[in-house]
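Chemist: I am sharing target_11.cif, which consists of mmCIF, C-alpha atoms:
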```cif
data_final
#
loop_
_atom_site.label_atom_id
_atom_site.label_comp_id
_atom_site.auth_asym_id
_atom_site.auth_seq_id
_atom_site.Cartn_x
_atom_site.Cartn_y
_atom_site.Cartn_z
CA MET E 1 -22.92 8.38 30.81
CA ALA E 2 -20.61 11.01 32.33
CA GLN E 3 -21.98 14.49 32.39
CA TRP E 4 -20.07 17.68 32.04
CA LYS E 5 -20.48 19.90 35.04
CA ARG E 6 -19.99 23.60 35.15
CA PRO E 7 -17.12 24.48 37.52
CA PRO E 8 -18.14 26.49 40.60
CA GLY E 9 -18.20 30.16 39.74
CA GLY E 10 -18.25 29.46 36.00
CA ILE E 11 -15.60 29.13 33.32
CA ASP E 12 -14.06 32.53 33.95
CA ALA E 13 -13.50 31.73 37.62
CA PHE E 14 -11.91 28.43 36.64
CA LYS E 15 -9.61 30.10 34.14
CA SER E 16 -8.55 32.55 36.79
CA ARG E 17 -7.85 29.74 39.24
CA LEU E 18 -5.94 27.82 36.59
CA GLU E 19 -3.73 30.81 35.92
CA ARG E 20 -3.09 31.27 39.62
CA ALA E 21 -2.20 27.61 39.89
CA ILE E 22 0.31 27.91 37.03
CA TYR E 23 1.80 30.97 38.69
CA ALA E 24 2.06 29.09 41.97
CA GLY E 25 3.74 26.15 40.25
CA LEU E 26 6.23 28.33 38.43
CA THR E 27 7.07 30.29 41.56
CA ALA E 28 7.65 27.08 43.50
CA GLN E 29 9.92 25.82 40.69
CA ALA E 30 11.85 29.07 40.59
CA ASN E 31 12.40 28.97 44.33
CA ALA E 32 13.78 25.45 44.08
CA LEU E 33 16.24 26.54 41.40
CA ARG E 34 17.19 29.72 43.23
CA ASN E 35 17.96 27.76 46.40
CA ALA E 36 20.08 25.23 44.54
CA TRP E 37 21.98 28.01 42.77
CA LYS E 38 22.63 29.84 46.03
CA ARG E 39 23.97 26.63 47.58
CA ASN E 40 26.42 26.30 44.68
CA LEU E 41 27.56 29.91 45.13
CA ARG E 42 28.18 29.56 48.83
CA GLY E 43 31.82 28.56 48.58
CA GLY E 44 32.76 31.15 45.98
CA PHE E 45 34.41 30.34 42.68
CA THR E 46 37.94 29.49 43.72
CA SER E 47 39.49 29.25 47.17
CA GLY E 48 36.51 30.74 48.98
CA ASP E 49 38.75 33.44 50.50
CA PHE E 50 37.00 36.25 48.65
CA VAL E 51 33.34 35.44 49.23
CA THR E 52 31.44 38.63 50.03
CA GLY E 53 27.90 37.39 49.59
CA ARG E 54 27.28 39.75 46.70
CA ALA E 55 26.67 36.97 44.18
CA ILE E 56 24.39 34.95 46.46
CA ASN E 57 22.34 38.00 47.45
CA SER E 58 21.93 39.02 43.82
CA ILE E 59 19.95 35.93 42.73
CA ARG E 60 16.45 37.10 41.94
CA ILE E 61 13.21 35.73 40.63
CA ALA E 62 11.30 37.75 38.05
CA GLY E 63 7.70 36.86 37.31
CA PRO E 64 5.84 34.67 36.72
CA GLU E 65 4.29 36.50 33.82
CA ARG E 66 2.55 35.74 30.59
CA GLN E 67 4.69 35.32 27.53
CA GLY E 68 2.87 34.81 24.26
CA ALA E 69 0.57 31.85 24.66
CA GLY E 70 2.37 30.62 27.75
CA PHE E 71 3.88 31.67 31.02
CA MET E 72 7.43 32.32 32.13
CA VAL E 73 9.40 32.81 35.28
CA ARG E 74 13.04 33.86 35.33
CA VAL E 75 15.80 33.19 37.82
CA GLY E 76 18.86 35.33 37.33
CA THR E 77 21.42 37.80 38.57
CA ASP E 78 22.56 41.24 37.52
CA VAL E 79 26.09 40.59 38.79
CA LYS E 80 28.06 40.17 35.58
CA TYR E 81 30.97 38.18 36.98
CA VAL E 82 28.62 35.29 37.79
CA LEU E 83 28.02 35.04 34.03
CA PHE E 84 31.74 35.17 33.27
CA TRP E 85 32.48 32.31 35.65
CA GLU E 86 29.52 30.40 34.19
CA VAL E 87 30.67 30.59 30.56
CA GLY E 88 34.44 30.76 31.04
CA HIS E 89 36.78 33.74 30.85
CA LEU E 90 40.43 34.75 30.93
CA ASN E 91 40.98 35.74 34.53
CA LEU E 92 43.08 38.84 35.21
CA PHE E 93 44.28 37.59 38.60
CA SER E 94 45.09 33.97 37.89
CA ARG E 95 46.11 34.74 34.28
CA ARG E 96 44.37 31.57 33.21
CA TYR E 97 41.18 30.44 31.56
CA GLU E 98 38.70 29.93 34.39
CA HIS E 99 35.34 28.22 34.21
CA VAL E 100 33.28 27.49 37.31
CA PRO E 101 29.61 27.01 36.43
CA THR E 102 27.09 27.28 39.25
CA LEU E 103 23.77 27.71 37.47
CA ALA E 104 23.96 24.79 35.04
CA PRO E 105 24.78 22.25 37.80
CA ALA E 106 22.03 23.78 39.99
CA LEU E 107 19.53 23.29 37.18
CA GLU E 108 20.58 19.69 36.60
CA GLU E 109 20.53 18.83 40.29
CA SER E 110 17.15 20.37 40.92
CA LEU E 111 15.19 19.34 37.80
CA GLU E 112 13.29 16.59 39.56
CA VAL E 113 12.68 18.72 42.65
CA MET E 114 11.41 21.51 40.40
CA ARG E 115 8.99 19.12 38.70
CA GLN E 116 7.72 17.88 42.04
CA ARG E 117 7.34 21.39 43.43
CA PHE E 118 5.44 22.55 40.38
CA ARG E 119 3.12 19.60 40.54
CA ALA E 120 2.45 20.02 44.24
CA ALA E 121 1.93 23.78 44.17
CA PHE E 122 -0.17 23.64 41.01
CA THR E 123 -2.41 20.89 42.36
CA ARG E 124 -2.99 22.60 45.66
CA ALA E 125 -3.65 25.97 44.09
CA LEU E 126 -6.07 24.45 41.61
CA ALA E 127 -7.90 22.83 44.50
CA GLY E 128 -8.39 26.27 45.96
CA SER E 129 -5.84 26.44 48.76
CA PRO E 130 -4.56 29.96 49.52
CA ILE E 131 -1.13 30.64 48.05
CA THR E 132 1.78 31.83 50.18
CA PRO E 133 4.27 34.39 48.81
CA ASP E 134 6.86 31.75 47.89
CA GLY E 135 4.40 29.96 45.68
CA ASP E 136 3.55 27.19 48.09
CA THR E 137 0.00 26.66 49.15
CA GLU E 138 -1.15 26.30 52.69
CA PRO E 139 -2.63 22.79 52.82
CA GLY E 140 -4.11 23.47 56.27
CA LEU E 141 -6.47 26.05 54.89
CA SER E 142 -9.07 25.55 52.23
CA GLY E 143 -11.03 28.20 50.51
CA THR E 144 -12.48 29.22 47.25
CA ALA E 145 -10.23 30.95 44.80
CA GLY E 146 -11.45 34.33 43.61
CA MET Z 1 36.91 7.09 16.29
CA ALA Z 2 33.51 8.23 15.10
CA GLY Z 3 30.37 7.08 16.83
CA SER Z 4 29.31 6.68 20.41
CA ASN Z 5 31.27 3.73 21.77
CA SER Z 6 32.44 5.99 24.56
CA THR Z 7 31.88 9.52 25.77
CA VAL Z 8 35.16 10.51 24.14
CA ASP Z 9 33.84 9.13 20.86
CA VAL Z 10 30.71 11.24 21.22
CA LEU Z 11 32.74 14.37 21.93
CA GLU Z 12 35.12 13.76 19.05
CA THR Z 13 32.29 12.97 16.65
CA ILE Z 14 30.50 16.21 17.47
CA ARG Z 15 33.75 18.18 17.41
CA SER Z 16 34.61 16.82 13.99
CA ALA Z 17 31.18 17.81 12.66
CA LEU Z 18 31.54 21.32 14.06
CA VAL Z 19 35.02 21.87 12.64
CA ASN Z 20 34.71 20.15 9.26
CA THR Z 21 31.17 20.80 8.08
CA ALA Z 22 31.22 23.50 5.42
CA MET Z 23 28.60 26.11 4.70
CA PRO Z 24 27.13 26.00 1.16
CA ALA Z 25 29.48 27.12 -1.59
CA THR Z 26 26.80 29.24 -3.26
CA PRO Z 27 26.42 32.97 -2.51
CA PRO Z 28 25.91 34.52 -0.03
CA TRP Z 29 27.87 31.72 1.65
CA LEU Z 30 31.45 30.94 0.76
CA GLY Z 31 31.77 27.28 1.61
CA GLU Z 32 33.62 28.22 4.80
CA LYS Z 33 34.12 25.91 7.74
CA LEU Z 34 35.58 26.35 11.22
CA ALA Z 35 38.70 24.42 10.20
CA ASP Z 36 39.63 27.25 7.81
CA ALA Z 37 42.70 29.27 8.80
CA GLY Z 38 40.69 32.49 8.46
CA LEU Z 39 38.17 31.30 11.07
CA LEU Z 40 39.05 28.98 13.95
CA GLY Z 41 41.75 27.04 12.16
CA GLY Z 42 40.35 24.02 13.94
CA ARG Z 43 41.08 25.49 17.41
CA LEU Z 44 38.01 24.01 19.02
CA TYR Z 45 38.99 22.61 22.41
CA ILE Z 46 37.08 20.25 24.62
CA ILE Z 47 36.34 21.59 28.13
CA ARG Z 48 39.23 24.08 28.32
CA PRO Z 49 41.85 25.62 26.06
CA PRO Z 50 45.60 25.10 26.45
CA GLU Z 51 47.51 27.74 28.41
CA ASP Z 52 49.07 29.17 25.24
CA ALA Z 53 45.93 29.09 23.10
CA VAL Z 54 46.02 31.23 19.98
CA TYR Z 55 43.03 33.46 19.31
CA PRO Z 56 40.41 33.03 18.06
CA TYR Z 57 39.53 29.74 19.67
CA ALA Z 58 36.44 27.99 20.98
CA VAL Z 59 35.68 25.70 23.88
CA MET Z 60 32.98 23.04 23.78
CA ARG Z 61 31.32 21.29 26.70
CA LEU Z 62 28.70 18.60 26.73
CA ASN Z 63 26.29 17.88 29.58
CA LEU Z 64 24.09 14.82 29.20
CA ALA Z 65 21.65 12.99 31.42
CA THR Z 66 19.56 9.89 30.98
CA SER Z 67 16.08 9.52 32.36
CA GLY Z 68 13.82 6.64 33.26
CA THR Z 69 12.17 6.97 29.88
CA TYR Z 70 13.78 4.61 27.37
CA ASN Z 71 15.26 2.67 30.30
CA GLY Z 72 18.30 4.92 30.54
CA GLU Z 73 19.46 4.17 26.99
CA ARG Z 74 18.81 7.71 25.74
CA ALA Z 75 20.66 10.75 26.99
CA THR Z 76 19.66 14.35 26.39
CA GLY Z 77 21.43 17.53 27.24
CA VAL Z 78 23.16 20.63 26.05
CA LEU Z 79 26.26 21.14 23.98
CA GLU Z 80 27.80 24.51 24.71
CA VAL Z 81 30.29 26.13 22.36
CA VAL Z 82 31.84 29.44 23.43
CA LEU Z 83 33.91 31.29 20.81
CA TYR Z 84 36.53 33.77 21.99
CA ASP Z 85 38.61 36.38 20.19
CA ARG Z 86 40.80 39.35 21.04
CA PRO Z 87 41.26 42.23 20.87
CA VAL Z 88 37.74 43.62 20.87
CA THR Z 89 37.60 45.23 17.43
CA GLU Z 90 34.79 45.51 14.95
CA VAL Z 91 36.55 43.07 12.62
CA ASN Z 92 36.97 40.47 15.34
CA LEU Z 93 33.43 40.91 16.60
CA LYS Z 94 32.06 40.32 13.10
CA ARG Z 95 34.30 37.31 12.65
CA LEU Z 96 33.02 35.87 15.94
CA GLU Z 97 29.43 36.22 14.74
CA GLN Z 98 30.40 34.63 11.43
CA MET Z 99 32.00 31.68 13.23
CA ALA Z 100 28.87 31.28 15.36
CA ASP Z 101 26.83 31.18 12.13
CA VAL Z 102 29.09 28.44 10.78
CA ALA Z 103 28.84 26.48 14.04
CA GLN Z 104 25.04 26.68 13.97
CA GLY Z 105 25.06 25.69 10.31
CA ALA Z 106 27.35 22.73 11.00
CA LEU Z 107 24.93 21.19 13.50
CA PHE Z 108 21.75 22.27 11.74
CA ALA Z 109 19.51 19.18 11.47
CA TYR Z 110 22.58 17.20 12.55
CA SER Z 111 22.55 13.46 12.98
CA ASP Z 112 25.26 10.81 13.09
CA ALA Z 113 24.74 7.07 13.28
CA SER Z 114 28.27 6.00 12.35
CA GLY Z 115 29.85 3.26 14.44
CA GLY Z 116 26.54 2.34 16.09
CA GLY Z 117 24.39 4.48 18.35
CA LEU Z 118 22.84 7.79 17.33
CA ILE Z 119 23.62 11.43 17.97
CA PHE Z 120 21.38 14.24 16.78
CA SER Z 121 20.51 17.86 17.32
CA ARG Z 122 17.47 19.82 16.23
CA GLN Z 123 17.61 23.07 18.18
CA SER Z 124 20.16 25.77 18.93
CA ALA Z 125 20.40 29.18 20.56
CA ARG Z 126 23.09 31.83 20.70
CA GLN Z 127 24.04 34.85 22.77
CA THR Z 128 26.62 37.53 22.15
CA LEU Z 129 28.08 37.88 25.62
CA PRO Z 130 28.23 41.33 27.22
CA PRO Z 131 31.65 43.00 27.48
CA PHE Z 132 33.83 41.33 30.07
CA ILE Z 133 34.77 43.32 33.18
CA ASP Z 134 36.83 42.51 36.28
CA PRO Z 135 37.86 39.82 37.11
CA ALA Z 136 37.57 38.84 33.44
CA ASP Z 137 39.90 40.28 30.81
CA ALA Z 138 37.95 43.08 29.12
CA ASN Z 139 39.97 42.76 25.94
CA LEU Z 140 38.17 39.55 25.06
CA ALA Z 141 34.92 39.13 23.14
CA ALA Z 142 32.80 36.00 23.19
CA VAL Z 143 29.76 34.47 21.56
CA ARG Z 144 28.03 31.46 23.07
CA VAL Z 145 26.09 28.90 21.04
CA THR Z 146 24.14 26.06 22.63
CA PHE Z 147 22.60 23.02 21.00
CA ASP Z 148 20.07 20.56 22.32
CA ILE Z 149 21.73 17.17 21.90
CA THR Z 150 20.19 13.71 22.05
CA VAL Z 151 22.38 10.63 22.16
CA TRP Z 152 21.62 6.95 22.05
CA PRO Z 153 25.16 6.05 23.05
CA ARG Z 154 26.46 2.70 21.98
CA VAL Z 155 28.42 2.64 25.24
CA LEU Z 156 25.10 2.26 27.10
CA THR Z 157 22.88 0.49 24.59
CA ARG Z 158 25.40 -2.25 23.80
CA TYR Z 159 24.52 -3.95 27.10
CA VAL Z 160 20.97 -4.35 25.85
CA HIS Z 161 21.56 -4.62 22.11
CA PRO Z 162 25.01 -6.26 21.65
#
```
Write out the structure in this file as structure tokens.

Modeler:
Amino acid sequence: MAQWKRPPGGIDAFKSRLERAIYAGLTAQANALRNAWKRNLRGGFTSGDFVTGRAINSIRIAGPERQGAGFMVRVGTDVKYVLFWEVGHLNLFSRRYEHVPTLAPALEESLEVMRQRFRAAFTRALAGSPITPDGDTEPGLSGTAG
Amino acid sequence: MAGSNSTVDVLETIRSALVNTAMPATPPWLGEKLADAGLLGGRLYIIRPPEDAVYPYAVMRLNLATSGTYNGERATGVLEVVLYDRPVTEVNLKRLEQMADVAQGALFAYSDASGGGLIFSRQSARQTLPPFIDPADANLAAVRVTFDITVWPRVLTRYVHP
């Protein structure tokens, strides 16, 4: 008959490691989405003649953090015109309705990569590997999570 | 043609539901629908509006993807409806919010199995967009409503279930 075993360090240590693993997974997912979004923004929204890098450099990750009973990480920008191009607007320069989404296609393209990254980062962090700033874990090192 | 025999069918079926489904006729509702002249007048366009579009109008877009689950016969995604009006006045802003209410009501617990296949929605979200600034025309207000959509399109499933 299988026996329950107490995790090393006790339940509290395990809960802490689990939370770190979720954070690592979410961060890895967010990075995957951020990279895909930045790739889509590279050529600008129209001809590419007016790309300044402002939109690309504005993509940020906020969190992860607890939200209610779960966890959340956000990928976004504070540059408003990225939103306008995403949802569609009447453009003052072209005098036409313009709609060039970059975030929605990035999310669709990277869904599977995001799942894989979460799974990999979560599993490694749960196993106790140290976590690098971008949410990945360093498989070459092993250690006990605090 | 209603149903899901093609992607155009799916779009037209959803569009028809959005435009023609009326709110309850009992107070506080007035039995209004988006086809009413005082609301959208039916000006719900697919993907983009015409160059000479009359305000208010709305644009709908549908993004769907199948997955390995259900052998690719089931598609899920997001229906996005963005409602626009100008100029930015209190009356127009309230009317935009009212139209968004009607749109959400139209697809509330929505399902359609006409013509074979199945389309349904069980979840929606909305955002009142912040004021537009350059390069967007600031004299325009917009509300965005999104719906989770699931489709068992006849155009795909007919190969398995003729």

Chemist: Take the PyMOL selection byres ((chain E) within 12 of (chain Z)), run it mentally on this structure, and tell me the resulting residues as a ChimeraX atom specification.

Modeler: /E:45,78-101,104-105,107-109,111-112

Chemist: Any chance you can output those residues with C-alpha atoms as a PDB file, keeping the file's coordinate frame?

Modeler:
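The resulting file, out_3.pdb, is reproduced below:
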```pdb
ATOM      1  CA  PHE E  45      34.410  30.340  42.680  1.00  0.00           C
ATOM      2  CA  ASP E  78      22.560  41.240  37.520  1.00  0.00           C
ATOM      3  CA  VAL E  79      26.090  40.590  38.790  1.00  0.00           C
ATOM      4  CA  LYS E  80      28.060  40.170  35.580  1.00  0.00           C
ATOM      5  CA  TYR E  81      30.970  38.180  36.980  1.00  0.00           C
ATOM      6  CA  VAL E  82      28.620  35.290  37.790  1.00  0.00           C
ATOM      7  CA  LEU E  83      28.020  35.040  34.030  1.00  0.00           C
ATOM      8  CA  PHE E  84      31.740  35.170  33.270  1.00  0.00           C
ATOM      9  CA  TRP E  85      32.480  32.310  35.650  1.00  0.00           C
ATOM     10  CA  GLU E  86      29.520  30.400  34.190  1.00  0.00           C
ATOM     11  CA  VAL E  87      30.670  30.590  30.560  1.00  0.00           C
ATOM     12  CA  GLY E  88      34.440  30.760  31.040  1.00  0.00           C
ATOM     13  CA  HIS E  89      36.780  33.740  30.850  1.00  0.00           C
ATOM     14  CA  LEU E  90      40.430  34.750  30.930  1.00  0.00           C
ATOM     15  CA  ASN E  91      40.980  35.740  34.530  1.00  0.00           C
ATOM     16  CA  LEU E  92      43.080  38.840  35.210  1.00  0.00           C
ATOM     17  CA  PHE E  93      44.280  37.590  38.600  1.00  0.00           C
ATOM     18  CA  SER E  94      45.090  33.970  37.890  1.00  0.00           C
ATOM     19  CA  ARG E  95      46.110  34.740  34.280  1.00  0.00           C
ATOM     20  CA  ARG E  96      44.370  31.570  33.210  1.00  0.00           C
ATOM     21  CA  TYR E  97      41.180  30.440  31.560  1.00  0.00           C
ATOM     22  CA  GLU E  98      38.700  29.930  34.390  1.00  0.00           C
ATOM     23  CA  HIS E  99      35.340  28.220  34.210  1.00  0.00           C
ATOM     24  CA  VAL E 100      33.280  27.490  37.310  1.00  0.00           C
ATOM     25  CA  PRO E 101      29.610  27.010  36.430  1.00  0.00           C
ATOM     26  CA  ALA E 104      23.960  24.790  35.040  1.00  0.00           C
ATOM     27  CA  PRO E 105      24.780  22.250  37.800  1.00  0.00           C
ATOM     28  CA  LEU E 107      19.530  23.290  37.180  1.00  0.00           C
ATOM     29  CA  GLU E 108      20.580  19.690  36.600  1.00  0.00           C
ATOM     30  CA  GLU E 109      20.530  18.830  40.290  1.00  0.00           C
ATOM     31  CA  LEU E 111      15.190  19.340  37.800  1.00  0.00           C
ATOM     32  CA  GLU E 112      13.290  16.590  39.560  1.00  0.00           C
TER      33      GLU E 112
END
```

Chemist: Z:Val145, Z:Ile119, Z:Val8, Z:Val91: which is nearest Ala58 of chain Z, counting all atoms listed in the file?

Modeler: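 Answer, going by the shortest atom-to-atom distance: Z:Val145.
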
Chemist: Which neighbours of Gly115 of chain Z fall inside 12 Å, counting only C-alpha atoms, when residues of the same chain fewer than 3 positions from it are skipped, and could you give them as an MDAnalysis selection string?

Modeler: chainID Z and resid 1:6 9:10 13 112 118:119 152:155 158

Chemist: Going by the chain IDs and residue numbers used in this file, which residues fall under the PyMOL selection byres ((chain Z and resi 75) around 6)? Write them as number ranges by chain.

Modeler: Z: 64-66, 74, 76, 150-151

Chemist: Expand the PyMOL selection byres ((chain E and resi 123) around 10) into the explicit residue set it covers here, and present it as a count of residues only.

Modeler: 18

Chemist: Which residue gives the smallest distance to Asp101 of chain Z among Z:Leu83, Z:Ala25, Z:Ile46, Z:Leu156, with only C-alpha atoms counted?

Modeler: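 Of Z:Leu83, Z:Ala25, Z:Ile46, Z:Leu156, the one nearest Asp101 of chain Z, counting only C-alpha atoms, is Z:Leu83.
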
Chemist: One number please: atom CA of Ser67 of chain Z to atom CA of Glu65 of chain E, in Å, one decimal.

Modeler: 29.5 Å
